[in-house]
Every structure is written in structure tokens, then in C-alpha cells.
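Participant: One structure, as C-alpha cells, below. Some questions next.
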Amino acid sequence: MRKDVREFIRRLETAGLEVKSTPGHYHVWRDGKPLRKANGMPFTLPFSPGTTRWRKTAILDLRKLGIDV
């Protein structure tokens, strides 16, 4: 796991979210249920991102859900 992914997962965990590893992605959970985006899709993080663009997109999606990371 890359260092930037670990740091971002720690930020999510301090915000009260749980991150579970699955093949290909990390799934984000809140209160024992999968966190869902505004369109109903599950909130996931890429397992091995090549750029930092994924993090900016994730932060924007979390803000839409009222979660400040």
C-alpha cells in the first residue's frame, strides 16, 4: 500500500468512517453500512492509484455527503 493511500485512509478513519479492503478497491463504510455517493453508487477508493487526482475527487464527493476530511 502506498504511503499517500495510508495517510488518506487514516484521515477517513478519524472522520468516523471505516475502510475495508476488497480486491481492486477500498470500500468506505459508515455506521456499519456502505457509504453511498449522491447517485447511490458505493463510495470506493482505488487500490493502487497512479495519480493524486483520485484523492481530490474523493474529498469533493465526501463534502457533498457532508463529511469534511
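Ordering of the C-alpha cells sets the chain letters (A, B, ...); residue numbers start at 1 within each chain; ligands are numbered from 1 in the order shown.
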I need the residues in stretch 19-64 of chain A that are helix (DSSP H, G or I) according to DSSP; give them as a list in words.
Facilitator: Arg53, Trp54, Arg55, Lys56, Thr57, Ala58, Ile59, Leu60, Asp61, Leu62, Arg63 and Lys64 of chain A
Participant: Would you mind listing what lies within 10 Å of A:Ile59 as a list in words, with only C-alpha atoms counted and same-chain residues fewer than 3 positions away left out?
Facilitator: Phe8, Leu12, Trp54, Arg55, Lys56, Leu62, Arg63, Lys64, Leu65, Ile67, Asp68 and Val69 of chain A
Participant: Take the residues from that selection and put them in a file with N, CA and C atoms, as an mmCIF file, in the first residue's frame.
Facilitator:
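Contents of the output file selection.cif:
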data_model
loop_
_atom_site.group_PDB
_atom_site.id
_atom_site.type_symbol
_atom_site.label_atom_id
_atom_site.label_comp_id
_atom_site.auth_asym_id
_atom_site.auth_seq_id
_atom_site.Cartn_x
_atom_site.Cartn_y
_atom_site.Cartn_z
ATOM 1 N N PHE A 8 -4.397 8.901 3.696
ATOM 2 C CA PHE A 8 -5.768 9.283 3.403
ATOM 3 C C PHE A 8 -6.753 8.389 4.146
ATOM 4 N N LEU A 12 -9.746 9.389 6.842
ATOM 5 C CA LEU A 12 -11.126 8.922 6.797
ATOM 6 C C LEU A 12 -11.540 8.286 8.117
ATOM 7 N N TRP A 54 -7.392 11.059 -7.776
ATOM 8 C CA TRP A 54 -8.406 10.260 -7.092
ATOM 9 C C TRP A 54 -8.715 10.845 -5.718
ATOM 10 N N ARG A 55 -7.685 11.388 -5.040
ATOM 11 C CA ARG A 55 -7.882 11.922 -3.693
ATOM 12 C C ARG A 55 -8.723 13.193 -3.731
ATOM 13 N N LYS A 56 -8.455 14.060 -4.694
ATOM 14 C CA LYS A 56 -9.235 15.295 -4.826
ATOM 15 C C LYS A 56 -10.690 14.978 -5.128
ATOM 16 N N LEU A 62 -16.973 13.401 -0.723
ATOM 17 C CA LEU A 62 -17.263 13.350 0.703
ATOM 18 C C LEU A 62 -17.896 14.652 1.185
ATOM 19 N N ARG A 63 -17.439 15.773 0.674
ATOM 20 C CA ARG A 63 -18.027 17.062 1.058
ATOM 21 C C ARG A 63 -19.484 17.148 0.623
ATOM 22 N N LYS A 64 -19.811 16.571 -0.525
ATOM 23 C CA LYS A 64 -21.200 16.547 -0.978
ATOM 24 C C LYS A 64 -22.076 15.770 -0.008
ATOM 25 N N LEU A 65 -21.487 14.799 0.672
ATOM 26 C CA LEU A 65 -22.225 13.988 1.640
ATOM 27 C C LEU A 65 -22.196 14.582 3.048
ATOM 28 N N ILE A 67 -19.372 15.259 4.835
ATOM 29 C CA ILE A 67 -18.225 14.757 5.602
ATOM 30 C C ILE A 67 -17.011 15.585 5.240
ATOM 31 N N ASP A 68 -16.418 16.243 6.231
ATOM 32 C CA ASP A 68 -15.249 17.080 5.983
ATOM 33 C C ASP A 68 -14.004 16.331 6.412
ATOM 34 N N VAL A 69 -13.127 16.080 5.457
ATOM 35 C CA VAL A 69 -11.885 15.333 5.725
ATOM 36 C C VAL A 69 -10.724 16.287 5.688
#
Participant: DSSP on the backbone: what in stretch 3-44 of chain A comes out strand (DSSP E or B), as a compact mmCIF listing (two decimals) with all heavy atoms, in the first residue's frame?
Facilitator:
# COMPACT_ATOMS: atom_id res chain seq x y z
N GLU A 18 -15.12 3.84 8.24
CA GLU A 18 -14.35 2.60 8.26
C GLU A 18 -13.98 2.24 6.84
O GLU A 18 -14.81 2.36 5.93
CB GLU A 18 -15.21 1.49 8.88
CG GLU A 18 -14.51 0.17 9.00
CD GLU A 18 -15.42 -0.89 9.59
OE1 GLU A 18 -16.51 -0.55 10.06
OE2 GLU A 18 -15.03 -2.06 9.54
N VAL A 19 -12.76 1.80 6.62
CA VAL A 19 -12.29 1.46 5.28
C VAL A 19 -11.96 -0.03 5.26
O VAL A 19 -11.18 -0.51 6.06
CB VAL A 19 -11.05 2.30 4.89
CG1 VAL A 19 -10.57 1.94 3.51
CG2 VAL A 19 -11.37 3.78 4.99
N LYS A 20 -12.59 -0.75 4.32
CA LYS A 20 -12.37 -2.19 4.19
C LYS A 20 -11.74 -2.47 2.83
O LYS A 20 -12.19 -1.96 1.81
CB LYS A 20 -13.69 -2.95 4.31
CG LYS A 20 -14.30 -2.83 5.69
CD LYS A 20 -15.53 -3.68 5.79
CE LYS A 20 -16.11 -3.58 7.19
NZ LYS A 20 -17.28 -4.45 7.34
N SER A 21 -10.72 -3.30 2.84
CA SER A 21 -10.03 -3.66 1.62
C SER A 21 -10.76 -4.79 0.91
O SER A 21 -11.13 -5.78 1.51
CB SER A 21 -8.60 -4.08 1.95
OG SER A 21 -7.95 -4.50 0.79
N THR A 22 -10.97 -4.62 -0.38
CA THR A 22 -11.53 -5.67 -1.23
C THR A 22 -10.64 -5.74 -2.48
O THR A 22 -9.87 -4.81 -2.72
CB THR A 22 -12.97 -5.35 -1.65
OG1 THR A 22 -12.99 -4.11 -2.34
CG2 THR A 22 -13.89 -5.26 -0.44
N HIS A 25 -10.29 -2.41 -4.84
CA HIS A 25 -10.75 -1.15 -4.26
C HIS A 25 -10.79 -1.22 -2.75
O HIS A 25 -10.73 -2.29 -2.17
CB HIS A 25 -12.17 -0.80 -4.75
CG HIS A 25 -12.24 -0.42 -6.17
ND1 HIS A 25 -12.38 -1.36 -7.17
CD2 HIS A 25 -12.19 0.78 -6.78
CE1 HIS A 25 -12.42 -0.74 -8.33
NE2 HIS A 25 -12.30 0.55 -8.13
N TYR A 26 -10.91 -0.06 -2.14
CA TYR A 26 -11.23 0.04 -0.72
C TYR A 26 -12.67 0.53 -0.64
O TYR A 26 -13.02 1.53 -1.26
CB TYR A 26 -10.33 1.06 -0.02
CG TYR A 26 -8.90 0.64 0.09
CD1 TYR A 26 -7.95 1.15 -0.77
CD2 TYR A 26 -8.50 -0.25 1.08
CE1 TYR A 26 -6.62 0.77 -0.67
CE2 TYR A 26 -7.17 -0.63 1.18
CZ TYR A 26 -6.25 -0.11 0.30
OH TYR A 26 -4.94 -0.48 0.41
N HIS A 27 -13.50 -0.15 0.11
CA HIS A 27 -14.87 0.29 0.32
C HIS A 27 -14.94 1.07 1.61
O HIS A 27 -14.33 0.70 2.61
CB HIS A 27 -15.82 -0.91 0.38
CG HIS A 27 -16.04 -1.53 -0.96
ND1 HIS A 27 -17.04 -1.13 -1.81
CD2 HIS A 27 -15.37 -2.49 -1.62
CE1 HIS A 27 -16.99 -1.83 -2.92
NE2 HIS A 27 -15.97 -2.67 -2.83
N VAL A 28 -15.70 2.16 1.61
CA VAL A 28 -15.83 3.03 2.77
C VAL A 28 -17.19 2.78 3.41
O VAL A 28 -18.21 2.78 2.72
CB VAL A 28 -15.68 4.51 2.35
CG1 VAL A 28 -15.77 5.41 3.57
CG2 VAL A 28 -14.35 4.73 1.64
N TRP A 29 -17.19 2.56 4.73
CA TRP A 29 -18.39 2.26 5.48
C TRP A 29 -18.62 3.32 6.55
O TRP A 29 -17.68 3.91 7.08
CB TRP A 29 -18.26 0.91 6.16
CG TRP A 29 -18.21 -0.24 5.20
CD1 TRP A 29 -17.29 -0.45 4.21
CD2 TRP A 29 -19.11 -1.31 5.13
NE1 TRP A 29 -17.58 -1.60 3.54
CE2 TRP A 29 -18.68 -2.16 4.09
CE3 TRP A 29 -20.23 -1.66 5.87
CZ2 TRP A 29 -19.35 -3.32 3.77
CZ3 TRP A 29 -20.89 -2.82 5.54
CH2 TRP A 29 -20.45 -3.64 4.49
N ARG A 30 -19.90 3.55 6.88
CA ARG A 30 -20.26 4.45 7.98
C ARG A 30 -21.38 3.80 8.76
O ARG A 30 -22.39 3.40 8.20
CB ARG A 30 -20.71 5.81 7.44
CG ARG A 30 -21.17 6.75 8.53
CD ARG A 30 -21.42 8.16 8.07
NE ARG A 30 -22.27 8.23 6.90
CZ ARG A 30 -22.58 9.37 6.30
NH1 ARG A 30 -22.12 10.50 6.76
NH2 ARG A 30 -23.35 9.37 5.25
N LYS A 33 -22.74 0.39 7.58
CA LYS A 33 -23.35 0.29 6.26
C LYS A 33 -22.43 0.93 5.23
O LYS A 33 -21.71 1.88 5.54
CB LYS A 33 -24.70 1.01 6.23
CG LYS A 33 -25.73 0.40 7.14
CD LYS A 33 -27.03 1.15 7.03
CE LYS A 33 -28.06 0.55 7.96
NZ LYS A 33 -29.32 1.29 7.89
N PRO A 34 -22.44 0.43 4.00
CA PRO A 34 -21.59 1.04 2.97
C PRO A 34 -21.98 2.50 2.74
O PRO A 34 -23.17 2.83 2.67
CB PRO A 34 -21.87 0.22 1.72
CG PRO A 34 -22.57 -1.01 2.18
CD PRO A 34 -23.19 -0.71 3.49
N ARG A 36 -22.58 5.62 0.54
CA ARG A 36 -23.03 5.75 -0.84
C ARG A 36 -22.90 7.19 -1.31
O ARG A 36 -23.09 8.12 -0.54
CB ARG A 36 -24.48 5.31 -0.97
CG ARG A 36 -24.68 3.88 -0.51
CD ARG A 36 -25.51 3.12 -1.49
NE ARG A 36 -25.58 1.71 -1.11
CZ ARG A 36 -25.09 0.74 -1.86
NH1 ARG A 36 -24.52 1.02 -3.00
NH2 ARG A 36 -25.18 -0.49 -1.47
N PRO A 42 -21.83 2.86 -4.45
CA PRO A 42 -20.99 2.75 -3.25
C PRO A 42 -19.73 3.62 -3.38
O PRO A 42 -19.18 3.75 -4.47
CB PRO A 42 -20.62 1.28 -3.17
CG PRO A 42 -21.15 0.63 -4.37
CD PRO A 42 -21.97 1.60 -5.14
N THR A 44 -16.01 4.18 -3.15
CA THR A 44 -14.82 3.34 -3.17
C THR A 44 -13.60 4.20 -3.46
O THR A 44 -13.69 5.27 -4.02
CB THR A 44 -14.91 2.24 -4.24
OG1 THR A 44 -15.06 2.86 -5.51
CG2 THR A 44 -16.06 1.29 -3.98
Participant: Could you tell me how far atom CA of A:Ala38 lies from atom CA of A:Gly16, in Å and to one decimal?
Facilitator: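 So the two atoms, atom CA of A:Ala38 and atom CA of A:Gly16, lie 18.8 Å apart.
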Participant: To one decimal place in Å, what is the distance between atom CA of A:Thr14 and atom CA of A:Asp31?
Facilitator: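 About the pair atom CA of A:Thr14 and atom CA of A:Asp31: they are 13.6 Å apart.
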Participant: I'd like the interatomic distance between atom CA of A:Asp4 and atom CA of A:Gly66, to a tenth of an Å.
Facilitator: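 One can read the atom CA of A:Asp4 to atom CA of A:Gly66 distance as 22.9 Å.
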